[in-house]
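> The structure under discussion is supplied below as structure tokens; questions concerning it will follow.
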Number of protein chains: 2
Amino acid sequence: MNYDLELYDTTLRDGSQGEGINFSVQDKLRLAERLDAFGIHYIEGGWPGSNPRDMEFFELAKRRKWKHARLAAFGSTRRKGVAVEDDDQVALLLAAETPVVTIFGKTWLLHVKEVLRATPEENLRMIGDTVRYLKSKGKCVVYDAEHSIDGFKDSPDYALATWEAAAEAGADNITLCDTNGGSLPGEVAEVAARLRARVKTAIGIHTHNDCGLGVANALAGVQAGAVLVQGTMNGYGERTGNCNLVTTIPNLALKLNKRCLSPAALAKLRDISLFVDETANLRPDPRQPWVGETAFAHKGGMHVNAVQKLARTFEHADPALVGNHRRVLVSDMSGRSNIVMKAQELGFNISNDTPELKTILSEIKRLEHLGYEFEAAEGSLIVLMRRCLARVEPKFQVDAYHVSMRRAVDNSICEATVKVMVDGKQAHTVAEGDGPVNALDSALRSALSQFFPKLAKVRLVDYKVRILDGAEGTAARTRVLIVTGDGKREWGTVGVSANIIEASLQALTDSMEYCLMERK
Amino acid sequence: MNYDLELYDTTLRDGSQGEGINFSVQDKLRLAERLDAFGIHYIEGGWPGSNPRDMEFFELAKRRKWKHARLAAFGSTRRKGVAVEDDDQVALLLAAETPVVTIFGKTWLLHVKEVLRATPEENLRMIGDTVRYLKSKGKCVVYDAEHSIDGFKDSPDYALATWEAAAEAGADNITLCDTNGGSLPGEVAEVAARLRARVKTAIGIHTHNDCGLGVANALAGVQAGAVLVQGTMNGYGERTGNCNLVTTIPNLALKLNKRCLSPAALAKLRDISLFVDETANLRPDPRQPWVGETAFAHKGGMHVNAVQKLARTFEHADPALVGNHRRVLVSDMSGRSNIVMKAQELGFNISNDTPELKTILSEIKRLEHLGYEFEAAEGSLIVLMRRCLARVEPKFQVDAYHVSMRRAVDNSICEATVKVMVDGKQAHTVAEGDGPVNALDSALRSALSQFFPKLAKVRLVDYKVRILDGAEGTAARTRVLIVTGDGKREWGTVGVSANIIEASLQALTDSMEYCLMERK
């Protein structure tokens with residue numbers, strides 16, 4: 001595929017400046033792999049000179065094979081009055097061993113004078129020296145021109161001089177950055193046009209959402225000739241966030257008809273958006289353009305009616321193009337067909353006339369009202385459907401359990417006991433663990449393995465907790481989502497209770513019941 | 001005050017089409033009063049012909065005195081083939097007794113043919129007849145041209161003919177509506193310019209956020225000459241929502257220098273945004289432009305350093321203009337200046353040269369590496385700072401605790417015991433709870449209240465759990481964030497452990513230590 005423009009993701013670096021966002025090195029690796037598979041062209045991994053944890057990421061990233069993306073290390077121009085080869089921060093950029101290095105430099109005289117406290121000439125040398133040095137080391141160099149729009153408005157000649165310094169030193173791309181996020185699309189377009197008229201270097205655009213214009217400003221940059229778009233997944237980033245790539249990508253591909261991602265990848269946009277939120281443990285924004293849960297939801301009766309006649313009367317695009325789907329928020333008829341579709345998808349023999357359908361539907365509605373969520377818990381959904389449709393008794397029953405944790409000065413012990421019943425036979429087991437849920441998990445597994453040896457192979461892959469009504473404090477209802485795997489496949493189950501132990505037990509028992517059901 | 005343009009709020013009508021938004025009549029009245037006091041020029045109260053409940057609102061609204069705003073009833077052009085004076089829906093618009101009536105009509109031939117199933121000529125008559133009739137009844141008439149941009153792109157001549165029909169019939173304003181939200185700012189600007197060239201009537205702009213361009217499209221309309229901006233508070237509305245007035249108003253006032261609201265009212269923007277979320281029972285978006293909790297929050301050490309020197313280096317506007325404030329976040333990305341600013345903000349006597357600064361910084365980095373997060377846990381941060389700076393011993397010590405939960409067939413009991421030491425005296429207490437953490441919280445509070453009676457008044461406001469390395473399953477490290485309040489103020493604290501009980505206890509003890517420290 002030939003591209004009209006390339007996508008540059010900085011979720012791992014600029015995105016992690018967002019409040020409440022805290023990626024571990026493992027999170028970063030998983031995100032980078034997913035972005036790579038998705039088709040992002042550049043992945044900015046971090047700033048090795050500012051954050052020691054970022055170096056760990058680059059060390060691990062070196063050993064991976066990247067299918068599609070080129071990794072970028074981010075940093076700044078050399079310090080004032082220091083030879084570029086003696087600058088530690090620049091040395092760390094090389095140590096990251098990425099094919100691409102992105103450095104930012106100052107455009108705005110205010111910053112040169114008040115923040116850097118350097119002369120305008122020294123700033124030009126800092127830009128030129130650093131770009132030239134990185135080029136001499138064989139790097140692809142993206143020059144991020146900080147405060148491009150503010151700087152240009154303040155003193156256009158100096159701004160252009162800084163960009164010429166980067167261009168003359170061999171930068172592969174000069175990216176205009178609206179660092180403070182206060183610019184309007186018209187201003188961005190004007191500055192981009194002025195830069196294009198001055199240098200031959202390819203240009204890029206990096207915007208922020210402080211005025212709710214992050215996406216609009218990126219599009220304005222592209223319409224004025226930018227061929228590299230920087231942003232973050234779901235718009236993470238400092239203050240109100242960066243340009244949201246999840247919104248920008250379909251706008252570029254479907255509204256401006258720019259080739260930047262294959263249609264097959266675009267159809268995974270909703271998936272990757274959810275994955276990133278999940279990794280950051282943030283609740284997905286239901287109103288997020290293109291991919292949000294309500295992005296193609298119709299509530300007004302008139303709209304629903306018209307959409308049924310002809311979708312494009314009230315839909316600006318086909319939701320399937322970005323992996324989303326239409327939702328109608330009116331009758332339980334729509335709920336009914338959803339359930340039928342889901343059940344058929346899961347292999348149940350069911351139609352619109354199956355009498356148990358109503359029972360399943362009302363049971364799901366009741367549980368969802370209590371806080372259960374089946375989207376990420378198909379295991380629990382299947383257990384529930386099967387119970388209603390096939391009237392299968394559970395394979396086992398947990399009659400009682402006890403969890404205890406004691407801590408004294410120098411020691412701590414956490415213990416769980418479980419009493420289960422299988423075909424009239426009882427097992428009573430005890431186990432220790434790192435915490436109460438871990439102990440309970442072990443005790444339950446040990447009890448059930450006596451009857452179902454295959455359960456010994458099963459293990460927990462993920463465990464997530466969300467408090468549903470924060471204002472209730474420690475008495476709030478808790479939703480536990482767990483993912484279980486047997487080495488071949490994984491399944492999710494859910495439990496809800498005011499008591500985290502009880503919610504965890506529900507999810508654990510569903511998980512095991514699902515596992516036993518499948519093997520039949 | 002003379003206005004360059006006027007603000008038209010449709011939170012009560014179009015906003016209530018949003019998923020999960022359900023205003024009672026009393027809610028609507030309270031919102032309308034608040035919007036009126038704030039300085040909105042037009043408040044659209046509902047569609048009497050579509051929603052019977054809306055008539056109740058208009059009945060009550062008639063008896064109120066509106067200081068600033070003019071109320072609008074919303075509806076559609078007359079039905080096809082019916083005389084306008086015989087149309088029930090139009091009669092209800094008059095029965096609402098509002099000074100303003102807004103009606104929408106069809107611009108797009110596709111809709112005329114496929115949805116209305118009327119001839120193009122009949123649609124023109126429906127527009128003209130309805131506007132003329134409402135004008136003859138003394139109403140100020142806003143004509144909402146549905147699907148303006150899509151319709152114009154499809155057949156410009158017909159679109160212009162529909163607008164001329166409204167203009168000739170005497171409409172006071174013709175508002176271009178990007179009903180499906182799929183248009184780009186350049187398209188909106190072009191259509192607005194074409195309309196202005198054709199009619200003398202004042203024009204307005206009504207946009208949706210399906211492409212994340214709701215605000216940008218409204219600004220494009222204004223820059224092309226629109227003098228009425230329609231939108232909703234916090235961007236509520238069908239699908240991804242309407243143009244967000246909370247973002248658009250400061251952009252108009254502070255970026256385009258349009259007179260549309262007094263500076264004193266603008267300074268209440270954050271208040272009204274929170275009030276509307278509160279009324280809708282929605283969690284405010286912390287990343288909302290201008291008014292969000294993080295809109296002026298700085299995390300990166302370099303940014304904080306520069307903001308300290310000169311705010312506008314990294315702030316596009318003064319947060320006070322919209323009633324917001326600057327915040328400095330403490331995280332492992334933060335340097336020395338974050339800590340100093342934070343400590344000063346918190347009342348500690350500290351400067352860049354204080355020797356303990358390095359200890360605090362490395363302690364924060366160490367803890368954050370373990371998974372602690374201080375952004376939302378200022379209480380723990382203060383406890384830590386005070387320990388390092390003032391070398392104060394904790395007021396109490398938890399020597400031991402025991403948590404136990406037992407469930408049998410029909411009963412469940414959760415119990416915690418705690419042993420605390422205060423000034424050489426011991427207290428040993430026991431309490432029950434809904435879950436293990438709730439029980440522990442009660443036991444600890446009961447033990448400490450014996451020594452510090454003020455703790456009896458303190459209560460948990462929020463409790464959040466996050467699993468740090470999901471892949472470890474139930475043995476993963478857990479981060480607990482709690483918010484505690486004493487009725488006057490609230491503070492956050494944090495704890496991290498592989499054991500959720502232990503993590504919760506850390507956050508609880510920090511919370512109480514912070515409370516006792518403050519009262520000294």
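Letters A, B, ... mark the chains of the structure tokens in the order given; residue numbers begin at 1 per chain; ligand numbers begin at 1, in order shown.
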Going by DSSP on the backbone, which bits of range 152-375 of chain A are alpha helix (DSSP H)? Write them as a PyMOL selection string, please.
chain A and resi 152-154+156-168+185-198+214-223+245-250+263-266+269-280+301-309+332-345+356-370
> By least-squares superposition of chain B on chain A, using all C-alpha atoms in order, what RMSD in Å to one decimal is obtained?
5.9 Å
> Name the residues in contact with Val246 in chain A at a cut-off of 7 Å, using only C-alpha atoms, excluding same-chain residues fewer than 6 positions from it; report them as a PyMOL selection string.
chain A and resi 233-234+269+273
> I'd like the neighbourhood of Val398 in chain B as a PyMOL selection string, where a residue qualifies if any of its atoms comes within 10 Å (using only C-alpha atoms), though same-chain residues fewer than 4 positions away should be ignored.
(chain A and resi 407-409) or (chain B and resi 418-422+426-427+444+447-448+505-506+509)
> Since we have the selection now, will you write its residues out, keeping C-alpha atoms, as a tab-separated table (two decimals), in the first residue's frame?

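Output (part_28.tsv):
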chain	number	residue	atom	x	y	z
A	407	ARG	CA	-1.11	-9.86	60.07
A	408	ALA	CA	1.05	-9.35	63.12
A	409	VAL	CA	4.32	-7.44	63.41
B	418	VAL	CA	-7.54	-4.60	64.85
B	419	LYS	CA	-4.88	-3.92	67.48
B	420	VAL	CA	-3.56	-0.36	67.54
B	421	MET	CA	-1.00	1.37	69.75
B	422	VAL	CA	-1.25	5.05	70.66
B	426	GLN	CA	-3.31	-0.41	73.18
B	427	ALA	CA	-6.83	-0.72	71.77
B	444	LEU	CA	-9.87	0.67	62.79
B	447	ALA	CA	-10.15	1.66	67.81
B	448	LEU	CA	-8.76	5.08	66.95
B	505	LEU	CA	-5.25	-0.79	55.21
B	506	GLN	CA	-2.33	1.36	54.05
B	509	THR	CA	-4.11	4.51	57.90
> With only C-alpha atoms as the atoms that count, which of B:Gly181, B:Gly186, B:Gly18, B:Pro120 lies nearest to Tyr236 in chain B?
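Of B:Gly181, B:Gly186, B:Gly18, B:Pro120, the one nearest Tyr236 in chain B, counting only C-alpha atoms, is B:Gly18.
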> Can you tell me, as a list in words, what residues are no more than 8 Å from Leu245 in chain A when counting only C-alpha atoms, ignoring any on the same chain fewer than 5 positions away?
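The residues that qualify are Asp9, Val215, Gln230, Gly231, Thr232, Met233, Asn234 and Gly235 of chain A.
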> What does the distance from CA of Thr11 in chain A to CA of Glu378 in chain B come to in Å, to one decimal?
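Answer for the CA of Thr11 in chain A to CA of Glu378 in chain B separation: 25.6 Å.
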> Distance CA of Ala73 in chain A-CA of Ala202 in chain A, one decimal place?
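Calculated distance between CA of Ala73 in chain A and CA of Ala202 in chain A is 19.3 Å.
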> Skipping near chain neighbours, those fewer than 2 positions away, what residues fall within 6 Å of Asn180 in chain B using only C-alpha atoms, listed as a PyMOL selection string?
(chain A and resi 314-316) or (chain B and resi 178+182)
> For Glu278 in chain B, find every residue with an atom within 12 Å (counting only C-alpha atoms), except residues of its own chain fewer than 3 positions away, and show them as a VMD selection string.
chain B and resid 21 23 27 30 to 31 233 to 234 271 to 275 281 to 285
> Pull C-alpha atoms from the residues just selected and write them as a PDB file, in the first residue's frame.

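So the final result, stored in again-v8.pdb, reads:
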ATOM      1  CA  ILE B  21     -29.901  11.352  29.913  1.00  0.00           C
ATOM      2  CA  PHE B  23     -34.402  14.980  32.788  1.00  0.00           C
ATOM      3  CA  ASP B  27     -34.656  19.166  36.363  1.00  0.00           C
ATOM      4  CA  ARG B  30     -33.730  24.190  37.317  1.00  0.00           C
ATOM      5  CA  LEU B  31     -31.465  23.907  34.274  1.00  0.00           C
ATOM      6  CA  MET B 233     -23.977  22.057  27.791  1.00  0.00           C
ATOM      7  CA  ASN B 234     -21.114  19.543  28.025  1.00  0.00           C
ATOM      8  CA  ASP B 271     -19.639  26.027  37.759  1.00  0.00           C
ATOM      9  CA  ILE B 272     -22.450  25.706  35.256  1.00  0.00           C
ATOM     10  CA  SER B 273     -20.757  22.783  33.518  1.00  0.00           C
ATOM     11  CA  LEU B 274     -20.507  20.907  36.832  1.00  0.00           C
ATOM     12  CA  PHE B 275     -24.084  21.839  37.728  1.00  0.00           C
ATOM     13  CA  ASN B 281     -26.085  12.493  37.282  1.00  0.00           C
ATOM     14  CA  LEU B 282     -23.092  12.098  34.983  1.00  0.00           C
ATOM     15  CA  ARG B 283     -19.486  12.053  36.084  1.00  0.00           C
ATOM     16  CA  PRO B 284     -17.800  15.241  34.813  1.00  0.00           C
ATOM     17  CA  ASP B 285     -15.221  14.579  32.111  1.00  0.00           C
TER      18      ASP B 285
END
> Write down as a list of chain:residue names the residues of range 372-429 of chain B whose backbone DSSP state falls under strand (DSSP E).
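The strand (DSSP E) residues within range 372-429 of chain B come out as B:Gln397, B:Val398, B:Asp399, B:Ala400, B:Tyr401, B:His402, B:Val403, B:Ser404, B:Met405, B:Arg406, B:Arg407, B:Ser412, B:Ile413, B:Cys414, B:Glu415, B:Ala416, B:Thr417, B:Val418, B:Lys419, B:Val420, B:Met421, B:Val422, B:Lys425, B:Gln426, B:Ala427, B:His428, B:Thr429.
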> Counting only C-alpha atoms, figure out which residue out of B:Val191, B:Val90, B:Val496, B:Val403 gets nearest to Arg479 in chain B.
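Answer, going by the shortest atom-to-atom distance: B:Val496.
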> So, with only C-alpha atoms as the atoms that count, which of B:Thr119, B:Thr162, B:Ser16, B:Asn251 lies closest to chain A?
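Residue with the minimum atom-to-atom distance to chain A: B:Asn251.
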